Amino acid sequence: MINVGLIGFGYWGPNLARNFSLNSDFELSAICDFSSDRLETAAKHYPQVNLYKDLNEFYNDKALDAIAIATPVATHYKLAKNAILSGRHVWLEKPMTETVAQAEELIELAAKKKKVLLVDHTFVYTGAVRKIKEIIDKGEIGDLIYYDSTRVNLGLFQQDVNVIWDLAPHDISIMDYLMPFKKVVVSATGSHYYGSEIVPKSLVTVYMENNTVAHINVSWVSPVKIRQTLIGGSTKMILYDDNQLSEKVKIYDKRVELGHTMEELYHLKVQYRVGDMYAPKIDDQEALALETSHFAECLMNGKKPLTDGKAGLEVVKVLVASEESLKNKGAPVRL
Ligand SMILES: NC(=O)c1ccc[n+]([C@@H]2O[C@H](COP(=O)([O-])OP(=O)(O)OC[C@H]3O[C@@H](n4cnc5c(N)ncnc54)[C@H](O)[C@@H]3O)[C@@H](O)[C@H]2O)c1
């Protein structure tokens, strides 16, 4: 049995608490939050759990083998560092850290102390993304050409970070898992319309090797919630619509072919193939439940997390570059 303690019982923390308490390999034994209100709520749901307002007392709880951190990103580095230094394995929420140097330091520290460091890139564990990975790895859609996602809705404005830091980690982590290409240049545009310094709408472009590109459109100021991703291949194309209850993933037998001869290229001879569409069956197990079991396996069997510190670092690199580009009206930033 792995004793796990959770820091942060705000919006996301309760989802982690629920999954740890439902998993037979874990004992949720402590929750820490500096808000009395949140601790009161935690006490109602988990009366058997030790509750801490004080971080030092929490870290001194000798029972803890692992610590999950679900607090705002500005706190991640310090909390995770203390957790590893106190000899605990760590589950760290996305985005991993505020800076590349912080992420690199945590990776190094976890390796030195032989502790598991998992970064919660939840979407990687969804049935839909796992199915898409399977289809891509079988070669079914050919060479990968683009990743094009729209993740927009109304709110929730964050007080401390731009929309890129809030929503784009999901897409960057999905993209990194499905298209693990070297990222070369990042450009991000956006603006603050609402009198605050916080940018609520942005388009991030990631140029990768092999002429592949990602466009990630994120917003808190859209009247409708859209969660659509298109993945273009040289032979087929995928639509992933996370808002759909069924048929979240559709594979289209559609493609574009350009002529190869000088004459065909001169006349820009384009052929469009329009074939069938199918929607594969998707495993509907809750992603966090699978991720929690995976974390247990990493702790018990020394398995490397699918979303380890390195995966977290890749996301942070793109976020930091996006922030820099955003300040300079989309100027390209090399990675
Ligand atoms: N994986 C996902 O899909 C997903 C979804 C939502 C949020 N998140 C991530 O989870 C993290 C938390 O987000 P949230 O929306 O739950 O934030 P939140 O503000 O709703 O909750 C954070 C909680 O942590 C507490 N807290 C903050 N700093 C603390 C500290 N130093 N010590 C003790 N308690 C502290 C706050 O009182 C609050 O209750 C963020 O990194 C966010 O990006 C991940």
# chains A, B, ... in the order shown; residues from 1 in each chain; ligands from 1
>>> closest_atom_pairs(of="chain A", to="ligand 1", cutoff="8 Å", atoms="only C-alpha atoms and all ligand atoms", output="Markdown table")
| residue | atom | partner | partner_atom_place_in_ligand_line | distance |
| --- | --- | --- | --- | --- |
| A:Ile7 | CA | ligand 1 | 33 (C) | 5.7 |
| A:Gly8 | CA | ligand 1 | 24 (O) | 3.4 |
| A:Phe9 | CA | ligand 1 | 39 (O) | 4.6 |
| A:Gly10 | CA | ligand 1 | 21 (O) | 3.2 |
| A:Tyr11 | CA | ligand 1 | 16 (O) | 3.6 |
| A:Trp12 | CA | ligand 1 | 16 (O) | 3.7 |
| A:Gly13 | CA | ligand 1 | 16 (O) | 5.5 |
| A:Cys32 | CA | ligand 1 | 33 (C) | 5.7 |
| A:Asp33 | CA | ligand 1 | 34 (N) | 3.5 |
| A:Phe34 | CA | ligand 1 | 34 (N) | 4.4 |
| A:Ser35 | CA | ligand 1 | 37 (O) | 4.6 |
| A:Arg38 | CA | ligand 1 | 39 (O) | 5.7 |
| A:Lys53 | CA | ligand 1 | 33 (C) | 6.9 |
| A:Asp54 | CA | ligand 1 | 33 (C) | 7.5 |
| A:Leu55 | CA | ligand 1 | 32 (N) | 6.2 |
| A:Ile69 | CA | ligand 1 | 11 (C) | 7.4 |
| A:Ala70 | CA | ligand 1 | 11 (C) | 4.2 |
| A:Thr71 | CA | ligand 1 | 12 (C) | 4.0 |
| A:Pro72 | CA | ligand 1 | 40 (C) | 4.4 |
| A:Val73 | CA | ligand 1 | 41 (O) | 4.7 |
| A:Thr75 | CA | ligand 1 | 31 (N) | 6.0 |
| A:His76 | CA | ligand 1 | 41 (O) | 7.4 |
| A:Leu79 | CA | ligand 1 | 31 (N) | 7.3 |
| A:Leu92 | CA | ligand 1 | 41 (O) | 7.9 |
| A:Glu93 | CA | ligand 1 | 41 (O) | 4.8 |
| A:Lys94 | CA | ligand 1 | 43 (O) | 5.0 |
| A:Pro95 | CA | ligand 1 | 43 (O) | 5.7 |
| A:Met96 | CA | ligand 1 | 41 (O) | 7.5 |
| A:Asp120 | CA | ligand 1 | 1 (N) | 5.3 |
| A:His121 | CA | ligand 1 | 1 (N) | 5.6 |
| A:Thr122 | CA | ligand 1 | 1 (N) | 4.9 |
| A:Phe123 | CA | ligand 1 | 3 (O) | 7.1 |
| A:Trp165 | CA | ligand 1 | 43 (O) | 7.6 |
| A:Asp166 | CA | ligand 1 | 43 (O) | 5.8 |
| A:His170 | CA | ligand 1 | 3 (O) | 7.3 |
>>> residues_around(residues="region 318-335 of chain A", least_positions_apart="3", cutoff="10 Å", atoms="only C-alpha atoms", output="ChimeraX atom specification")
/A:95,97-100,162,164-166,168-169,172,182-191,199,202-207,313-315
>>> residues_around(residues="Thr41 (chain A)", least_positions_apart="4", cutoff="10 Å", atoms="only C-alpha atoms", output="list in words")
Phe9, Gly10, Pro14, Ser36, Asp37, His45, Tyr46 and Pro47 of chain A
>>> write_last_selection(atoms="N, CA, C and O atoms", output="short mmCIF file (atom, residue, chain, number, x, y, z; two decimals), in the first residue's frame")
data_model
loop_
_atom_site.label_atom_id
_atom_site.label_comp_id
_atom_site.auth_asym_id
_atom_site.auth_seq_id
_atom_site.Cartn_x
_atom_site.Cartn_y
_atom_site.Cartn_z
N PHE A 9 -6.34 21.39 -2.53
CA PHE A 9 -7.67 20.78 -2.66
C PHE A 9 -8.62 21.85 -3.22
O PHE A 9 -9.64 22.18 -2.66
N GLY A 10 -8.21 22.43 -4.38
CA GLY A 10 -9.02 23.48 -5.00
C GLY A 10 -9.95 22.87 -6.03
O GLY A 10 -10.83 22.06 -5.70
N PRO A 14 -9.42 17.69 -5.82
CA PRO A 14 -10.43 16.69 -5.47
C PRO A 14 -10.51 15.52 -6.47
O PRO A 14 -10.82 14.39 -6.08
N SER A 36 -8.72 27.29 4.91
CA SER A 36 -9.53 26.55 5.90
C SER A 36 -10.80 26.02 5.24
O SER A 36 -11.25 24.90 5.54
N ASP A 37 -11.39 26.82 4.35
CA ASP A 37 -12.61 26.39 3.66
C ASP A 37 -12.38 25.09 2.90
O ASP A 37 -13.19 24.16 2.95
N HIS A 45 -15.45 15.00 2.83
CA HIS A 45 -15.33 13.88 1.88
C HIS A 45 -14.41 12.77 2.41
O HIS A 45 -14.61 11.61 2.10
N TYR A 46 -13.37 13.19 3.15
CA TYR A 46 -12.37 12.20 3.59
C TYR A 46 -12.12 12.34 5.09
O TYR A 46 -11.06 12.81 5.51
N PRO A 47 -13.09 11.93 5.92
CA PRO A 47 -12.96 12.14 7.37
C PRO A 47 -11.78 11.38 7.99
O PRO A 47 -11.28 11.77 9.04
#
>>> residues_around(residues="Glu257 (chain A)", least_positions_apart="2", cutoff="12 Å", atoms="only C-alpha atoms", output="MDAnalysis selection string")
chainID A and resid 233:236 254:255 259:260 264:265 268:274
>>> write_last_selection(atoms="all heavy atoms", output="short mmCIF file (atom, residue, chain, number, x, y, z; two decimals), in the first residue's frame")
data_model
loop_
_atom_site.label_atom_id
_atom_site.label_comp_id
_atom_site.auth_asym_id
_atom_site.auth_seq_id
_atom_site.Cartn_x
_atom_site.Cartn_y
_atom_site.Cartn_z
N GLY A 233 -2.42 13.54 -41.96
CA GLY A 233 -1.41 12.59 -42.41
C GLY A 233 -1.35 12.62 -43.93
O GLY A 233 -2.23 13.17 -44.59
N SER A 234 -0.31 11.97 -44.48
CA SER A 234 -0.17 11.99 -45.94
C SER A 234 -1.18 11.07 -46.61
O SER A 234 -1.50 11.24 -47.79
CB SER A 234 1.25 11.60 -46.33
OG SER A 234 1.56 10.35 -45.76
N THR A 235 -1.74 10.08 -45.88
CA THR A 235 -2.72 9.19 -46.51
C THR A 235 -4.12 9.31 -45.90
O THR A 235 -5.11 9.11 -46.59
CB THR A 235 -2.27 7.72 -46.44
OG1 THR A 235 -2.00 7.39 -45.08
CG2 THR A 235 -1.03 7.47 -47.28
N LYS A 236 -4.19 9.61 -44.60
CA LYS A 236 -5.51 9.78 -43.97
C LYS A 236 -5.45 10.94 -42.99
O LYS A 236 -4.36 11.42 -42.65
CB LYS A 236 -5.94 8.51 -43.24
CG LYS A 236 -6.30 7.36 -44.17
CD LYS A 236 -6.85 6.18 -43.40
CE LYS A 236 -7.10 5.02 -44.36
NZ LYS A 236 -7.46 3.79 -43.69
N LYS A 254 -9.09 10.61 -46.50
CA LYS A 254 -9.02 11.77 -47.39
C LYS A 254 -7.58 12.24 -47.45
O LYS A 254 -6.88 12.22 -46.43
CB LYS A 254 -9.87 12.93 -46.85
CG LYS A 254 -11.36 12.66 -46.85
CD LYS A 254 -12.13 13.93 -46.50
CE LYS A 254 -13.62 13.66 -46.57
NZ LYS A 254 -14.42 14.85 -46.41
N ARG A 255 -7.19 12.67 -48.62
CA ARG A 255 -5.82 13.20 -48.73
C ARG A 255 -5.68 14.06 -49.98
O ARG A 255 -6.56 14.10 -50.84
CB ARG A 255 -4.79 12.08 -48.76
CG ARG A 255 -4.87 11.16 -49.96
CD ARG A 255 -3.67 10.20 -49.96
NE ARG A 255 -3.79 9.20 -51.01
CZ ARG A 255 -4.35 8.00 -50.85
NH1 ARG A 255 -4.88 7.67 -49.69
NH2 ARG A 255 -4.40 7.15 -51.84
N GLY A 259 1.02 16.54 -58.15
CA GLY A 259 1.77 15.86 -59.20
C GLY A 259 3.27 16.02 -58.96
O GLY A 259 3.69 16.92 -58.23
N HIS A 260 4.05 15.13 -59.58
CA HIS A 260 5.49 15.18 -59.30
C HIS A 260 6.32 15.70 -60.47
O HIS A 260 7.41 16.21 -60.28
CB HIS A 260 6.00 13.77 -58.95
CG HIS A 260 5.42 13.29 -57.64
ND1 HIS A 260 5.75 13.86 -56.45
CD2 HIS A 260 4.51 12.33 -57.36
CE1 HIS A 260 5.08 13.28 -55.47
NE2 HIS A 260 4.31 12.34 -56.00
N GLU A 264 3.41 18.86 -64.13
CA GLU A 264 2.32 18.77 -63.13
C GLU A 264 2.49 19.83 -62.04
O GLU A 264 1.54 20.47 -61.61
CB GLU A 264 2.31 17.37 -62.50
CG GLU A 264 1.72 16.32 -63.40
CD GLU A 264 1.95 14.89 -62.85
OE1 GLU A 264 2.87 14.68 -62.05
OE2 GLU A 264 1.20 14.01 -63.27
N LEU A 265 3.76 20.03 -61.65
CA LEU A 265 4.00 21.03 -60.61
C LEU A 265 3.74 22.44 -61.15
O LEU A 265 3.19 23.30 -60.47
CB LEU A 265 5.44 20.93 -60.09
CG LEU A 265 5.70 19.75 -59.14
CD1 LEU A 265 7.19 19.61 -58.84
CD2 LEU A 265 4.94 19.94 -57.82
N LEU A 268 0.30 23.08 -61.09
CA LEU A 268 -0.19 22.77 -59.75
C LEU A 268 -1.34 21.76 -59.80
O LEU A 268 -2.47 22.03 -59.40
CB LEU A 268 -0.62 24.05 -59.01
CG LEU A 268 -0.65 23.89 -57.48
CD1 LEU A 268 0.76 23.67 -56.93
CD2 LEU A 268 -1.24 25.13 -56.81
N LYS A 269 -1.00 20.60 -60.34
CA LYS A 269 -2.02 19.54 -60.46
C LYS A 269 -2.25 18.89 -59.11
O LYS A 269 -1.38 18.21 -58.58
CB LYS A 269 -1.55 18.48 -61.46
CG LYS A 269 -1.92 18.78 -62.87
CD LYS A 269 -2.09 17.49 -63.63
CE LYS A 269 -2.99 17.76 -64.83
NZ LYS A 269 -3.16 16.62 -65.65
N VAL A 270 -3.39 19.15 -58.53
CA VAL A 270 -3.69 18.61 -57.21
C VAL A 270 -4.81 17.59 -57.35
O VAL A 270 -5.83 17.84 -57.99
CB VAL A 270 -4.16 19.72 -56.24
CG1 VAL A 270 -4.37 19.14 -54.85
CG2 VAL A 270 -3.15 20.85 -56.20
N GLN A 271 -4.60 16.42 -56.75
CA GLN A 271 -5.67 15.41 -56.75
C GLN A 271 -6.19 15.25 -55.34
O GLN A 271 -5.40 15.20 -54.39
CB GLN A 271 -5.10 14.07 -57.22
CG GLN A 271 -4.80 14.07 -58.69
CD GLN A 271 -4.89 12.67 -59.25
OE1 GLN A 271 -4.67 11.70 -58.52
NE2 GLN A 271 -5.21 12.55 -60.52
N TYR A 272 -7.49 15.22 -55.20
CA TYR A 272 -8.08 15.06 -53.88
C TYR A 272 -8.69 13.68 -53.77
O TYR A 272 -9.51 13.30 -54.60
CB TYR A 272 -9.16 16.13 -53.65
CG TYR A 272 -8.61 17.52 -53.73
CD1 TYR A 272 -8.70 18.26 -54.90
CD2 TYR A 272 -7.98 18.10 -52.63
CE1 TYR A 272 -8.17 19.54 -54.99
CE2 TYR A 272 -7.45 19.37 -52.70
CZ TYR A 272 -7.54 20.09 -53.89
OH TYR A 272 -7.01 21.35 -53.96
N ARG A 273 -8.29 12.96 -52.75
CA ARG A 273 -8.91 11.64 -52.55
C ARG A 273 -9.97 11.80 -51.47
O ARG A 273 -9.72 12.34 -50.39
CB ARG A 273 -7.84 10.64 -52.10
CG ARG A 273 -8.44 9.52 -51.31
CD ARG A 273 -7.86 8.16 -51.55
NE ARG A 273 -8.70 7.20 -50.85
CZ ARG A 273 -9.36 6.23 -51.44
NH1 ARG A 273 -9.29 6.06 -52.74
NH2 ARG A 273 -10.10 5.41 -50.74
N VAL A 274 -11.17 11.36 -51.75
CA VAL A 274 -12.25 11.44 -50.77
C VAL A 274 -12.85 10.05 -50.60
O VAL A 274 -13.59 9.57 -51.46
CB VAL A 274 -13.34 12.44 -51.23
CG1 VAL A 274 -14.43 12.54 -50.17
CG2 VAL A 274 -12.73 13.80 -51.50
#
>>> closest_residue(among="A:Val221, A:Ala279, A:Leu106, A:Val90", to="Tyr252 (chain A)", atoms="only C-alpha atoms")
A:Ala279
>>> closest_residue(among="A:Thr212, A:Ser21, A:Asn243, A:Gln158", to="Pro180 (chain A)", atoms="only C-alpha atoms")
A:Thr212
>>> select_by_dssp(residues="region 154-285 of chain A", states="helix (DSSP H, G or I)", output="ChimeraX atom specification")
/A:163-178,262-266
>>> residues_around(residues="Ala30 (chain A)", least_positions_apart="4", cutoff="6 Å", atoms="only C-alpha atoms", output="list in words")
Gly5, Val49, Asn50 and Leu51 of chain A
>>> select_by_dssp(residues="region 60-294 of chain A", states="strand (DSSP E)", output="count of residues only")
84
>>> closest_residue(among="A:Phe157, A:Phe20, A:Tyr193, A:Tyr125", to="Ala296 (chain A)", atoms="only C-alpha atoms")
A:Phe20
>>> decode(residues="region 163-219 of chain A", atoms="C-alpha atoms", output="PDB file, in the first residue's frame")
ATOM      1  CA  VAL A 163      -4.497  31.296 -21.361  1.00  0.00           C
ATOM      2  CA  ILE A 164      -1.480  29.638 -22.987  1.00  0.00           C
ATOM      3  CA  TRP A 165      -0.245  28.331 -19.616  1.00  0.00           C
ATOM      4  CA  ASP A 166      -3.736  27.159 -18.700  1.00  0.00           C
ATOM      5  CA  LEU A 167      -5.007  25.417 -21.839  1.00  0.00           C
ATOM      6  CA  ALA A 168      -2.093  24.874 -24.248  1.00  0.00           C
ATOM      7  CA  PRO A 169      -0.263  22.322 -22.012  1.00  0.00           C
ATOM      8  CA  HIS A 170      -3.006  19.848 -22.915  1.00  0.00           C
ATOM      9  CA  ASP A 171      -2.343  20.219 -26.643  1.00  0.00           C
ATOM     10  CA  ILE A 172       1.420  20.437 -26.399  1.00  0.00           C
ATOM     11  CA  SER A 173       1.501  17.236 -24.342  1.00  0.00           C
ATOM     12  CA  ILE A 174      -0.903  15.410 -26.684  1.00  0.00           C
ATOM     13  CA  MET A 175       1.090  16.580 -29.699  1.00  0.00           C
ATOM     14  CA  ASP A 176       4.386  15.622 -28.113  1.00  0.00           C
ATOM     15  CA  TYR A 177       3.048  12.117 -27.449  1.00  0.00           C
ATOM     16  CA  LEU A 178       1.541  11.629 -30.909  1.00  0.00           C
ATOM     17  CA  MET A 179       4.154  13.493 -32.972  1.00  0.00           C
ATOM     18  CA  PRO A 180       7.429  13.294 -31.038  1.00  0.00           C
ATOM     19  CA  PHE A 181       9.283  15.492 -33.522  1.00  0.00           C
ATOM     20  CA  LYS A 182      11.969  17.965 -32.655  1.00  0.00           C
ATOM     21  CA  LYS A 183      10.391  21.386 -32.160  1.00  0.00           C
ATOM     22  CA  VAL A 184      12.321  24.145 -33.849  1.00  0.00           C
ATOM     23  CA  VAL A 185      10.570  27.500 -33.604  1.00  0.00           C
ATOM     24  CA  VAL A 186       7.578  28.829 -31.659  1.00  0.00           C
ATOM     25  CA  SER A 187       5.465  31.866 -32.442  1.00  0.00           C
ATOM     26  CA  ALA A 188       2.495  33.089 -30.419  1.00  0.00           C
ATOM     27  CA  THR A 189       0.084  35.949 -30.926  1.00  0.00           C
ATOM     28  CA  GLY A 190      -2.655  37.273 -28.686  1.00  0.00           C
ATOM     29  CA  SER A 191      -3.666  40.342 -26.853  1.00  0.00           C
ATOM     30  CA  HIS A 192      -5.360  41.577 -23.711  1.00  0.00           C
ATOM     31  CA  TYR A 193      -8.658  43.154 -24.593  1.00  0.00           C
ATOM     32  CA  TYR A 194     -10.099  43.294 -21.114  1.00  0.00           C
ATOM     33  CA  GLY A 195      -7.851  45.761 -19.321  1.00  0.00           C
ATOM     34  CA  SER A 196      -5.840  43.090 -17.507  1.00  0.00           C
ATOM     35  CA  GLU A 197      -2.289  42.027 -18.306  1.00  0.00           C
ATOM     36  CA  ILE A 198      -3.505  38.449 -18.589  1.00  0.00           C
ATOM     37  CA  VAL A 199      -3.877  37.310 -22.221  1.00  0.00           C
ATOM     38  CA  PRO A 200      -7.197  35.427 -22.620  1.00  0.00           C
ATOM     39  CA  LYS A 201      -6.911  34.380 -26.275  1.00  0.00           C
ATOM     40  CA  SER A 202      -3.917  33.196 -28.255  1.00  0.00           C
ATOM     41  CA  LEU A 203      -2.746  31.302 -31.293  1.00  0.00           C
ATOM     42  CA  VAL A 204       0.456  29.324 -30.797  1.00  0.00           C
ATOM     43  CA  THR A 205       2.369  27.993 -33.783  1.00  0.00           C
ATOM     44  CA  VAL A 206       5.014  25.335 -33.313  1.00  0.00           C
ATOM     45  CA  TYR A 207       7.301  24.590 -36.244  1.00  0.00           C
ATOM     46  CA  MET A 208       8.793  21.127 -36.081  1.00  0.00           C
ATOM     47  CA  GLU A 209      11.345  19.212 -38.140  1.00  0.00           C
ATOM     48  CA  ASN A 210      10.216  17.602 -41.439  1.00  0.00           C
ATOM     49  CA  ASN A 211       8.111  20.670 -42.364  1.00  0.00           C
ATOM     50  CA  THR A 212       5.458  19.716 -39.832  1.00  0.00           C
ATOM     51  CA  VAL A 213       3.547  22.382 -37.998  1.00  0.00           C
ATOM     52  CA  ALA A 214       1.130  22.729 -35.086  1.00  0.00           C
ATOM     53  CA  HIS A 215      -1.463  25.462 -34.663  1.00  0.00           C
ATOM     54  CA  ILE A 216      -2.900  25.625 -31.170  1.00  0.00           C
ATOM     55  CA  ASN A 217      -5.813  28.010 -30.704  1.00  0.00           C
ATOM     56  CA  VAL A 218      -6.700  28.614 -27.047  1.00  0.00           C
ATOM     57  CA  SER A 219      -9.227  31.006 -25.552  1.00  0.00           C
TER      58      SER A 219
END
